[in-house]
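Q: query_2.tsv is reproduced below (TSV, C-alpha atoms).
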chain	number	residue	atom	x	y	z
A	7	MET	CA	62.39	101.41	64.27
A	8	THR	CA	59.49	103.31	65.77
A	9	LEU	CA	56.56	104.78	63.89
A	10	GLN	CA	58.03	108.27	64.14
A	11	GLU	CA	61.48	107.10	63.01
A	12	ASN	CA	60.00	105.37	59.98
A	13	LYS	CA	57.98	108.46	59.11
A	14	LYS	CA	61.07	110.66	59.41
A	15	ARG	CA	63.14	108.42	57.17
A	16	LEU	CA	60.40	108.17	54.54
A	17	ILE	CA	59.91	111.92	54.46
A	18	GLU	CA	63.67	112.42	54.08
A	19	LEU	CA	63.74	109.97	51.17
A	20	GLY	CA	60.70	111.64	49.64
A	21	GLY	CA	62.68	114.86	49.48
A	22	LYS	CA	64.97	113.19	46.95
A	23	VAL	CA	62.14	112.70	44.45
A	24	THR	CA	62.68	115.26	41.70
A	25	THR	CA	61.00	115.80	38.35
A	26	SER	CA	63.99	114.31	36.55
A	27	TRP	CA	64.05	111.29	38.88
A	28	LEU	CA	60.37	110.62	38.23
A	29	SER	CA	60.84	110.98	34.48
A	30	ALA	CA	63.72	108.51	34.51
A	31	GLN	CA	61.70	105.97	36.49
A	32	ILE	CA	58.67	106.30	34.22
A	33	ASP	CA	60.85	106.05	31.12
A	34	PHE	CA	62.21	102.77	32.48
A	35	CYS	CA	58.65	101.49	33.01
A	36	VAL	CA	57.68	102.45	29.46
A	37	GLN	CA	60.76	100.74	27.99
A	38	GLN	CA	60.01	97.58	29.95
A	39	ILE	CA	56.40	97.58	28.78
A	40	GLN	CA	57.48	98.12	25.17
A	41	LYS	CA	59.81	95.14	25.43
A	42	ASN	CA	57.15	92.95	27.04
A	43	MET	CA	54.57	93.91	24.40
A	44	GLN	CA	56.70	92.22	21.77
A	45	ARG	CA	56.64	88.89	23.62
A	46	PHE	CA	53.12	88.96	25.03
A	47	GLY	CA	51.42	89.96	21.78
A	48	THR	CA	47.65	90.03	22.22
A	49	ASP	CA	47.84	87.44	25.02
A	50	PHE	CA	48.37	88.28	28.67
A	51	PRO	CA	51.14	87.79	31.23
A	52	SER	CA	50.60	85.51	34.21
A	53	ALA	CA	49.76	87.02	37.61
A	54	CYS	CA	53.34	86.59	38.79
A	55	ALA	CA	56.64	85.81	37.16
A	56	THR	CA	58.77	82.68	37.44
A	57	ASN	CA	62.49	83.35	37.53
A	58	GLY	CA	61.73	86.87	36.38
A	59	LYS	CA	59.68	85.81	33.35
A	60	TYR	CA	55.92	86.08	33.00
A	61	ARG	CA	54.17	83.09	31.47
A	62	ILE	CA	52.01	83.96	28.46
A	63	LYS	CA	48.35	83.09	28.97
A	64	PRO	CA	44.89	83.74	27.54
A	65	ASN	CA	42.61	86.25	29.25
A	66	ASP	CA	41.66	84.01	32.18
A	67	ASP	CA	42.98	85.52	35.41
A	68	TRP	CA	41.93	88.24	37.87
A	69	THR	CA	45.11	90.22	37.20
A	70	ASN	CA	44.88	90.88	33.47
A	71	GLY	CA	43.47	94.38	33.89
A	72	PHE	CA	46.76	95.46	35.44
A	73	TRP	CA	48.63	94.71	32.21
A	74	THR	CA	46.11	96.71	30.18
A	75	GLY	CA	46.28	99.49	32.78
A	76	MET	CA	50.04	99.67	32.31
A	77	LEU	CA	49.50	100.03	28.57
A	78	TRP	CA	47.18	102.98	29.21
A	79	LEU	CA	49.68	104.57	31.60
A	80	ALA	CA	52.40	104.24	28.96
A	81	TYR	CA	50.05	105.79	26.40
A	82	GLU	CA	49.29	108.72	28.70
A	83	TRP	CA	52.98	109.37	29.34
A	84	THR	CA	54.21	109.05	25.76
A	85	GLY	CA	51.21	109.52	23.48
A	86	GLY	CA	52.45	106.45	21.62
A	87	GLU	CA	49.71	104.99	19.47
A	88	GLU	CA	51.12	101.46	19.79
A	89	PHE	CA	50.13	101.41	23.47
A	90	LYS	CA	46.61	102.61	22.71
A	91	GLU	CA	46.16	100.09	19.90
A	92	ARG	CA	47.28	97.16	22.05
A	93	ALA	CA	45.12	98.31	24.97
A	94	MET	CA	42.08	98.46	22.70
A	95	GLU	CA	42.88	94.95	21.41
A	96	ASN	CA	42.96	93.83	25.04
A	97	ILE	CA	39.58	95.47	25.61
A	98	GLN	CA	38.09	93.41	22.76
A	99	SER	CA	39.36	90.34	24.61
A	100	PHE	CA	37.72	91.57	27.82
A	101	GLN	CA	34.43	91.94	25.92
A	102	GLN	CA	34.66	88.33	24.73
A	103	ARG	CA	35.31	87.29	28.30
A	104	LEU	CA	32.13	89.04	29.41
A	105	ASP	CA	30.07	87.62	26.58
A	106	ASN	CA	31.19	84.10	27.49
A	107	HIS	CA	31.17	84.72	31.25
A	108	PHE	CA	34.64	83.21	31.23
A	109	VAL	CA	36.25	82.84	34.69
A	110	LEU	CA	34.14	85.65	36.14
A	111	ASP	CA	32.63	83.89	39.16
A	112	HIS	CA	34.48	86.17	41.55
A	113	HIS	CA	34.44	89.74	42.80
A	114	ASP	CA	37.58	90.94	41.01
A	115	ILE	CA	35.59	92.47	38.18
A	116	GLY	CA	36.87	95.92	39.13
A	117	PHE	CA	40.49	94.79	38.93
A	118	LEU	CA	39.72	93.52	35.43
A	119	TYR	CA	37.56	96.29	33.98
A	120	SER	CA	38.45	99.59	35.72
A	121	PRO	CA	42.04	99.82	34.39
A	122	SER	CA	41.03	98.40	31.00
A	123	ALA	CA	37.59	99.50	29.75
A	124	GLY	CA	37.20	102.21	32.42
A	125	ALA	CA	40.53	103.80	31.58
A	126	GLY	CA	39.85	103.30	27.89
A	127	TYR	CA	36.59	105.24	28.04
A	128	HIS	CA	38.18	108.05	30.02
A	129	LEU	CA	41.10	108.36	27.59
A	130	THR	CA	39.38	107.77	24.25
A	131	GLY	CA	35.65	108.31	24.73
A	132	ASP	CA	35.06	105.06	22.81
A	133	ASP	CA	31.49	104.03	23.53
A	134	SER	CA	32.35	100.33	23.38
A	135	CYS	CA	34.45	100.85	26.51
A	136	ARG	CA	31.51	102.51	28.24
A	137	SER	CA	29.11	99.69	27.41
A	138	GLU	CA	31.70	97.11	28.45
A	139	LEU	CA	32.16	98.77	31.83
A	140	LEU	CA	28.39	98.80	32.43
A	141	GLN	CA	28.12	95.14	31.45
A	142	ALA	CA	30.94	94.33	33.87
A	143	ALA	CA	29.14	96.24	36.63
A	144	GLU	CA	26.08	94.02	36.10
A	145	VAL	CA	28.27	90.95	36.61
A	146	LEU	CA	29.63	92.39	39.85
A	147	ILE	CA	26.30	93.40	41.41
A	148	ALA	CA	24.91	89.95	40.58
A	149	ARG	CA	27.21	88.69	43.35
A	150	PHE	CA	25.60	90.90	46.01
A	151	GLN	CA	24.19	89.00	48.98
A	152	GLU	CA	21.20	90.72	50.59
A	153	MET	CA	21.70	88.46	53.60
A	154	GLY	CA	24.76	90.16	54.97
A	155	ASN	CA	24.96	93.17	52.63
A	156	PHE	CA	28.14	92.18	50.84
A	157	ILE	CA	29.48	91.13	47.45
A	158	GLN	CA	30.50	87.48	47.59
A	159	ALA	CA	34.20	87.15	46.87
A	160	TRP	CA	34.64	83.80	45.20
A	161	GLY	CA	32.88	80.69	43.99
A	162	GLY	CA	29.39	79.94	42.82
A	163	TYR	CA	26.82	82.47	43.98
A	164	GLY	CA	25.39	81.40	47.33
A	165	ASP	CA	27.89	78.59	47.93
A	166	PRO	CA	27.74	78.28	51.73
A	167	LYS	CA	31.47	77.53	51.91
A	168	GLU	CA	32.20	80.77	50.06
A	169	TYR	CA	29.79	83.07	51.90
A	170	ARG	CA	32.39	85.77	52.53
A	171	LEU	CA	34.10	88.94	51.42
A	172	ILE	CA	37.80	89.83	51.25
A	173	ILE	CA	39.61	93.09	51.85
A	174	ASP	CA	40.80	93.34	48.22
A	175	SER	CA	37.17	94.08	47.34
A	176	LEU	CA	37.66	97.71	48.32
A	177	ILE	CA	39.43	98.28	45.00
A	178	ASN	CA	36.63	96.67	43.00
A	179	LEU	CA	33.92	99.04	44.22
A	180	PRO	CA	34.92	102.14	42.21
A	181	LEU	CA	33.72	100.28	39.10
A	182	LEU	CA	30.20	100.43	40.56
A	183	PHE	CA	30.40	104.12	41.43
A	184	GLU	CA	31.57	104.83	37.88
A	185	ALA	CA	28.75	102.71	36.43
A	186	SER	CA	26.16	104.80	38.30
A	187	LYS	CA	27.82	107.97	37.07
A	188	LEU	CA	27.82	106.81	33.45
A	189	SER	CA	24.33	105.28	33.44
A	190	GLY	CA	22.49	107.59	35.82
A	191	ASP	CA	21.22	104.49	37.64
A	192	PRO	CA	22.00	104.59	41.39
A	193	LYS	CA	21.67	100.82	41.87
A	194	TYR	CA	25.38	100.18	41.31
A	195	ALA	CA	26.56	102.84	43.77
A	196	ASN	CA	23.95	101.76	46.33
A	197	ILE	CA	25.37	98.25	46.37
A	198	ALA	CA	28.92	99.60	46.55
A	199	VAL	CA	28.03	101.68	49.61
A	200	LYS	CA	26.40	98.72	51.37
A	201	HIS	CA	29.41	96.50	50.73
A	202	TYR	CA	31.87	99.22	51.75
A	203	ARG	CA	30.12	99.72	55.09
A	204	THR	CA	30.10	95.99	55.71
A	205	VAL	CA	33.85	95.81	55.05
A	206	LEU	CA	34.49	98.59	57.57
A	207	LYS	CA	32.44	96.76	60.21
A	208	THR	CA	33.99	93.32	59.72
A	209	VAL	CA	37.33	92.79	58.04
A	210	ILE	CA	38.98	95.71	59.86
A	211	ARG	CA	39.74	94.79	63.47
A	212	GLU	CA	39.21	97.18	66.38
A	213	ASN	CA	42.99	97.66	66.67
A	214	ALA	CA	43.11	98.88	63.03
A	215	THR	CA	44.72	95.70	61.70
A	216	THR	CA	43.01	93.69	58.98
A	217	TYR	CA	41.81	90.22	58.21
A	218	HIS	CA	42.16	88.94	54.67
A	219	THR	CA	38.61	87.56	54.60
A	220	TYR	CA	35.43	87.57	56.68
A	221	TYR	CA	32.72	84.90	56.72
A	222	PHE	CA	28.96	85.27	57.17
A	223	ASP	CA	26.20	82.88	58.14
A	224	PRO	CA	24.37	82.12	54.86
A	225	LYS	CA	21.03	81.70	56.64
A	226	SER	CA	21.02	84.81	58.82
A	227	GLY	CA	23.62	86.97	57.04
A	228	LYS	CA	25.31	87.68	60.35
A	229	PRO	CA	29.11	88.01	60.33
A	230	THR	CA	30.76	85.00	61.97
A	231	HIS	CA	34.56	85.16	61.88
A	232	GLY	CA	37.61	86.54	60.14
A	233	ALA	CA	40.52	84.63	58.61
A	234	THR	CA	43.78	85.51	56.89
A	235	HIS	CA	44.49	82.84	54.30
A	236	GLN	CA	47.28	84.69	52.52
A	237	GLY	CA	48.91	85.81	55.75
A	238	LYS	CA	51.00	83.80	58.20
A	239	SER	CA	48.01	83.07	60.43
A	240	ASP	CA	44.46	84.23	61.04
A	241	ASP	CA	45.72	86.54	63.78
A	242	SER	CA	48.69	87.98	61.91
A	243	ILE	CA	48.77	91.10	59.74
A	244	TRP	CA	49.13	90.24	56.06
A	245	ALA	CA	51.07	93.19	54.67
A	246	ARG	CA	49.22	93.43	51.37
A	247	GLY	CA	45.88	93.18	53.14
A	248	GLN	CA	46.81	96.18	55.28
A	249	SER	CA	47.90	98.07	52.16
A	250	TRP	CA	44.56	97.32	50.45
A	251	ALA	CA	42.93	99.17	53.35
A	252	VAL	CA	45.40	102.06	53.07
A	253	LEU	CA	44.36	102.48	49.42
A	254	GLY	CA	40.78	101.26	49.44
A	255	ILE	CA	39.34	103.51	52.12
A	256	PRO	CA	40.33	106.89	50.62
A	257	LEU	CA	39.51	105.53	47.16
A	258	ASN	CA	35.92	104.80	48.17
A	259	GLU	CA	35.56	108.00	50.16
A	260	SER	CA	36.70	109.90	47.06
A	261	CYS	CA	34.04	108.07	45.03
A	262	LEU	CA	31.48	109.07	47.64
A	263	GLY	CA	32.57	112.71	47.43
A	264	SER	CA	33.56	112.71	51.10
A	265	ILE	CA	35.67	115.41	52.68
A	266	GLY	CA	37.31	112.98	55.07
A	267	VAL	CA	37.74	109.32	55.99
A	268	PRO	CA	36.63	107.12	58.91
A	269	ARG	CA	38.47	107.91	62.13
A	270	ILE	CA	40.19	104.52	62.18
A	271	TYR	CA	41.98	105.24	58.89
A	272	SER	CA	44.93	107.06	60.46
A	273	LYS	CA	45.49	104.09	62.77
A	274	ILE	CA	45.41	101.72	59.79
A	275	VAL	CA	48.19	103.74	58.17
A	276	ASP	CA	50.11	103.88	61.46
A	277	VAL	CA	50.03	100.07	61.71
A	278	PHE	CA	51.47	99.78	58.21
A	279	LEU	CA	54.19	102.36	58.80
A	280	GLU	CA	55.30	101.18	62.23
A	281	ASN	CA	55.80	97.62	60.98
A	282	LEU	CA	58.17	98.57	58.16
A	283	PRO	CA	61.68	97.11	58.52
A	284	ALA	CA	65.02	98.88	58.19
A	285	ASP	CA	64.87	99.25	54.39
A	286	LEU	CA	61.20	100.38	54.68
A	287	VAL	CA	59.92	97.66	52.32
A	288	PRO	CA	57.61	95.25	54.18
A	289	TYR	CA	57.93	91.55	54.71
A	290	TRP	CA	54.95	89.68	53.28
A	291	ASP	CA	53.45	89.41	56.78
A	292	PHE	CA	54.09	91.75	59.70
A	293	ASP	CA	54.78	88.82	62.02
A	294	PHE	CA	58.21	88.95	60.39
A	295	ASN	CA	60.85	91.60	61.07
A	296	ASP	CA	64.57	92.12	60.64
A	297	GLU	CA	65.30	89.88	63.63
A	298	HIS	CA	63.01	87.16	62.25
A	299	PRO	CA	62.98	87.83	58.49
A	300	SER	CA	61.16	86.27	55.60
A	301	ASP	CA	60.43	87.29	52.00
A	302	LYS	CA	59.61	90.89	51.13
A	303	ASP	CA	56.46	92.01	49.34
A	304	SER	CA	57.34	95.14	47.40
A	305	SER	CA	53.83	95.27	45.94
A	306	ALA	CA	52.37	96.10	49.36
A	307	LEU	CA	54.50	99.25	49.54
A	308	ALA	CA	53.49	100.35	46.02
A	309	ILE	CA	49.80	99.90	46.90
A	310	ALA	CA	50.21	101.82	50.16
A	311	ALA	CA	51.96	104.67	48.34
A	312	CYS	CA	48.99	105.02	45.97
A	313	GLY	CA	46.71	104.97	48.99
A	314	LEU	CA	48.56	107.78	50.70
A	315	LEU	CA	48.53	109.83	47.50
A	316	GLU	CA	44.75	109.37	47.36
A	317	ALA	CA	44.51	110.22	51.06
A	318	GLU	CA	46.44	113.43	50.40
A	319	LYS	CA	43.50	114.70	48.32
A	320	LEU	CA	41.24	114.30	51.35
A	321	THR	CA	43.84	115.61	53.82
A	322	ALA	CA	43.27	112.28	55.52
A	323	TYR	CA	46.78	111.67	56.87
A	324	PRO	CA	49.54	114.15	57.80
A	325	GLU	CA	52.35	114.48	55.22
A	326	ALA	CA	50.80	111.69	53.17
A	327	LYS	CA	52.38	112.80	49.89
A	328	ALA	CA	55.87	113.09	51.38
A	329	LEU	CA	55.56	109.63	52.93
A	330	ALA	CA	54.35	108.15	49.63
A	331	ALA	CA	57.20	109.80	47.75
A	332	GLY	CA	59.67	108.21	50.17
A	333	MET	CA	58.14	104.79	49.59
A	334	ILE	CA	58.39	105.16	45.83
A	335	TYR	CA	61.94	106.49	46.03
A	336	GLN	CA	63.03	103.46	48.03
A	337	LEU	CA	61.35	101.10	45.57
A	338	GLY	CA	62.84	102.95	42.61
A	339	GLU	CA	66.36	102.88	43.98
A	340	LEU	CA	66.43	99.36	45.42
A	341	TYR	CA	63.59	97.24	44.09
A	342	THR	CA	63.11	97.79	40.35
A	343	ALA	CA	64.39	95.63	37.51
A	344	LYS	CA	66.37	98.44	35.87
A	345	HIS	CA	69.66	96.66	36.65
A	346	SER	CA	68.29	93.19	35.76
A	347	PRO	CA	67.76	93.38	31.98
A	348	GLU	CA	66.55	89.76	31.71
A	349	ASN	CA	63.76	90.33	34.23
A	350	GLU	CA	60.37	91.27	32.76
A	351	GLY	CA	58.93	92.92	35.86
A	352	LEU	CA	58.98	96.56	36.83
A	353	LEU	CA	59.20	95.81	40.54
A	354	LEU	CA	61.22	92.94	42.00
A	355	HIS	CA	60.81	90.99	45.26
A	356	GLY	CA	57.05	90.60	45.48
A	357	VAL	CA	54.95	87.78	46.91
A	358	TYR	CA	51.70	86.36	45.53
A	359	ALA	CA	50.60	83.62	47.96
A	360	HIS	CA	53.38	82.53	50.30
A	361	ALA	CA	51.63	79.52	51.83
A	362	GLU	CA	50.97	78.14	48.35
A	363	GLY	CA	54.51	78.79	47.16
A	364	LYS	CA	53.24	81.15	44.46
A	365	GLY	CA	55.22	84.10	43.21
A	366	ILE	CA	57.70	84.28	46.09
A	367	ASP	CA	60.48	86.82	45.51
A	368	GLU	CA	59.15	87.52	42.03
A	369	PRO	CA	57.56	90.43	40.16
A	370	ASN	CA	53.78	90.43	40.00
A	371	LEU	CA	51.36	92.42	37.85
A	372	TRP	CA	49.72	94.44	40.63
A	373	GLY	CA	53.11	95.45	42.04
A	374	ASP	CA	54.22	96.55	38.57
A	375	TYR	CA	50.98	98.42	37.96
A	376	PHE	CA	50.74	100.25	41.29
A	377	TYR	CA	54.39	101.26	41.14
A	378	PHE	CA	53.76	102.84	37.74
A	379	GLU	CA	50.51	104.42	38.97
A	380	ALA	CA	52.26	105.95	41.98
A	381	LEU	CA	54.92	107.43	39.71
A	382	MET	CA	52.22	108.96	37.52
A	383	ARG	CA	50.40	110.36	40.55
A	384	LEU	CA	53.63	112.04	41.69
A	385	ALA	CA	54.69	113.25	38.24
A	386	LYS	CA	51.23	114.55	37.26
A	387	PRO	CA	49.29	115.75	40.32
A	388	ASP	CA	46.21	116.28	38.13
A	389	TRP	CA	46.37	112.71	36.77
A	390	ARG	CA	42.92	111.12	36.82
A	391	ARG	CA	42.92	107.69	38.42
A	392	TYR	CA	41.49	104.68	36.62
A	393	TRP	CA	39.61	103.49	39.72
Would you kindly transcribe this structure into structure tokens?
A:
Amino acid sequence: MTLQENKKRLIELGGKVTTSWLSAQIDFCVQQIQKNMQRFGTDFPSACATNGKYRIKPNDDWTNGFWTGMLWLAYEWTGGEEFKERAMENIQSFQQRLDNHFVLDHHDIGFLYSPSAGAGYHLTGDDSCRSELLQAAEVLIARFQEMGNFIQAWGGYGDPKEYRLIIDSLINLPLLFEASKLSGDPKYANIAVKHYRTVLKTVIRENATTYHTYYFDPKSGKPTHGATHQGKSDDSIWARGQSWAVLGIPLNESCLGSIGVPRIYSKIVDVFLENLPADLVPYWDFDFNDEHPSDKDSSALAIAACGLLEAEKLTAYPEAKALAAGMIYQLGELYTAKHSPENEGLLLHGVYAHAEGKGIDEPNLWGDYFYFEALMRLAKPDWRRYW
């Protein structure tokens, strides 16, 4: 399929998204979350499922904010106090994690605290959520490397083997913009802007494809080389990495109050769209296609749909909302667990880390969350994002 053919098909599918269809999909999500709440209790689900079941874990992973974010989405849709109460219990756990600096030597602080404490403050006005978000922002800016102007992704601060950023970081930056807004201190936003500009100059290739990660020289701070650890190869296009760019760029431009996006953005979206296979749900890496298939990553399509819905606000890509609606329709009709009652996910057929054999052809928390978020964006155009 060509880019134009894929666009046409998505727009046609998007025309099938009705108010009643959206309500039915969201009701399914809420029912699934209600069921999972009973089993998870005040613990957390693992990042990805195994045979359709999430393992129950303490609050120790980078993905736990997605579960709490789903609780807040369910609360917004239903007004059910049980979702709010469980989300606030989760937020107490996130505070303990901050106080103990427990598994926080990474950049994914935004993934943890924006859809938990950030959403909680927006929805309840509880001051403990506000203070928690600001404390989390301090943890994130402590990872900023002046030599290179970037937030170090993983590992001990300054570890020369970990002197790098990754494309996922684009979704962590809104936490810093929000912290400046809440505190009146520009230091958080200033660091976010520096990191964002560094991402645009490094991890995005000239042909509008993306690396997963980019390394810097720890002595000079100069960028050295890109790599794609979760993709098929360093030179391939990891589908979820491309979708992080589709979402992350308009997200950050919205935080900056921009009226547009960088010129390369439309090409980034084009790359994603033109590489979609016949059923319009991407393989985990765009080196694969219907002639040479592999496992699908439904989560990449859910992320991209949220990105296009954010881009719509900035008129950053033609017919962005219609394209996003088509993506979500296809996921809703073919890729949800509504006909698999034993499966705990919302969205089936995702991939976590293919090379490591993790979460292949399984639900994962970010796929579940972004599918639900995209539904909310479509059902409630005035919905306020958690990022």
Q: Which residue is closest to Ser137 in chain A? Choose from A:Glu168, A:Arg149, A:Trp73, A:Leu104 and count only C-alpha atoms.
A: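 Ranked by minimum distance to Ser137 in chain A, first place goes to A:Leu104.
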Q: Can you list, as a ChimeraX atom specification, every protein, DNA or RNA residue that comes within 8 Å of range 58-71 of chain A when you count only C-alpha atoms, leaving out same-chain residues fewer than 3 positions away?
A: /A:46,49-55,74-75,99-100,103,108-109,114-115,117-122,348-351,368-369,371-372
Q: Can you work out the spacing between CA of Asp374 in chain A and CA of Leu181 in chain A in Å, to one decimal?
A: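 Here the two named atoms are 20.8 Å from each other.
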Q: Expressed in Å to a single decimal, how great is the separation between CA of Ala195 in chain A and CA of Cys261 in chain A?
A: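 Interatomic distance, CA of Ala195 in chain A to CA of Cys261 in chain A: 9.2 Å.
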Q: Counting all atoms listed in the file, which residue out of A:Ala380, A:Leu253, A:Ile17, A:Cys135 sits closest to Tyr271 in chain A?
A: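 Once distances to Tyr271 in chain A are computed over all atoms listed in the file, the minimum belongs to A:Leu253.
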Q: Is there a way to get, as a PyMOL selection string, all residues within 12 Å of the point (21.5, 83.6, 58.5) in file coordinates, counting all atoms listed in the file?
A: chain A and resi 151-155+166+169+221-230
Q: In Å to one decimal, how far is CA of Gly247 in chain A from CA of Val36 in chain A?
A: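 Here the two named atoms are 28.0 Å from each other.
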Q: From the options A:Asn12, A:Thr25, A:Gln248, A:Asn178, which residue's atoms come nearest to Arg211 in chain A, counting only C-alpha atoms?
A: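 Closest residue, counting only C-alpha atoms: A:Gln248.
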Q: Let me make sure I understand: among A:Gly356, A:Gly365, A:Ile255, A:Gly338, which one has the smallest atom-to-atom distance to Val23 in chain A if we use only C-alpha atoms?
A: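 Of A:Gly356, A:Gly365, A:Ile255, A:Gly338, the one nearest Val23 in chain A, counting only C-alpha atoms, is A:Gly338.
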Q: Which residues of range 167-254 of chain A have any atom within 10 Å of an atom in range 294-315 of chain A when counting all atoms listed in the file, and what is the closest pair of atoms for each, with the distance in Å to one decimal? Order the rows by chain and rising number and write it as a Markdown table.
A:
| residue | atom | partner | partner_atom | distance |
| --- | --- | --- | --- | --- |
| A:Lys238 | CA | A:Phe294 | CA | 9.1 |
| A:Ser242 | CA | A:Phe294 | CA | 9.7 |
| A:Ile243 | CA | A:Phe294 | CA | 9.7 |
| A:Trp244 | CA | A:Ala306 | CA | 9.5 |
| A:Ala245 | CA | A:Ala306 | CA | 6.2 |
| A:Arg246 | CA | A:Ala306 | CA | 4.6 |
| A:Gly247 | CA | A:Ala306 | CA | 8.1 |
| A:Gln248 | CA | A:Ala306 | CA | 8.1 |
| A:Ser249 | CA | A:Ala310 | CA | 4.8 |
| A:Trp250 | CA | A:Ile309 | CA | 6.8 |
| A:Ala251 | CA | A:Gly313 | CA | 8.2 |
| A:Val252 | CA | A:Gly313 | CA | 5.2 |
| A:Leu253 | CA | A:Gly313 | CA | 3.5 |
| A:Gly254 | CA | A:Gly313 | CA | 7.0 |
Q: Between A:Thr130, A:Ser26, A:Asn57, A:Thr48, which has the minimum distance to Glu95 in chain A (counting only C-alpha atoms)?
A: A:Thr48
Q: For Thr234 in chain A, work out the shell of residues within 7 Å, counting only C-alpha atoms and skipping chain neighbours fewer than 5 positions away, then give it as a PyMOL selection string.
A: chain A and resi 217-219+239-240
Q: Nearest to Leu9 in chain A: which of A:Ala148, A:Leu286, A:Ile265, A:Leu139 is it, counting all atoms listed in the file?
A: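 Selected residue with least distance to Leu9 in chain A: A:Leu286.
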Q: Residues near His360 in chain A, anyone? I mean within 9 Å using only C-alpha atoms, not counting same-chain ones fewer than 2 positions away, as an mmCIF file with C-alpha atoms, in the frame of the given file.
A:
data_model
loop_
_atom_site.group_PDB
_atom_site.id
_atom_site.type_symbol
_atom_site.label_atom_id
_atom_site.label_comp_id
_atom_site.auth_asym_id
_atom_site.auth_seq_id
_atom_site.Cartn_x
_atom_site.Cartn_y
_atom_site.Cartn_z
ATOM 1 C CA GLN A 236 47.280 84.690 52.520
ATOM 2 C CA GLY A 237 48.910 85.810 55.750
ATOM 3 C CA LYS A 238 51.000 83.800 58.200
ATOM 4 C CA TRP A 290 54.950 89.680 53.280
ATOM 5 C CA ASP A 301 60.430 87.290 52.000
ATOM 6 C CA VAL A 357 54.950 87.780 46.910
ATOM 7 C CA TYR A 358 51.700 86.360 45.530
ATOM 8 C CA GLU A 362 50.970 78.140 48.350
ATOM 9 C CA GLY A 363 54.510 78.790 47.160
ATOM 10 C CA LYS A 364 53.240 81.150 44.460
ATOM 11 C CA GLY A 365 55.220 84.100 43.210
ATOM 12 C CA ILE A 366 57.700 84.280 46.090
#
Q: Do you know which residues lie at most 12 Å from (22.5, 102.0, 46.6), with coordinates as in the file and only C-alpha atoms counted, and could you write them as an NGL selection string?
A: :A and (147 or 150 or 155 or 182-183 or 185-186 or 191-203 or 262)
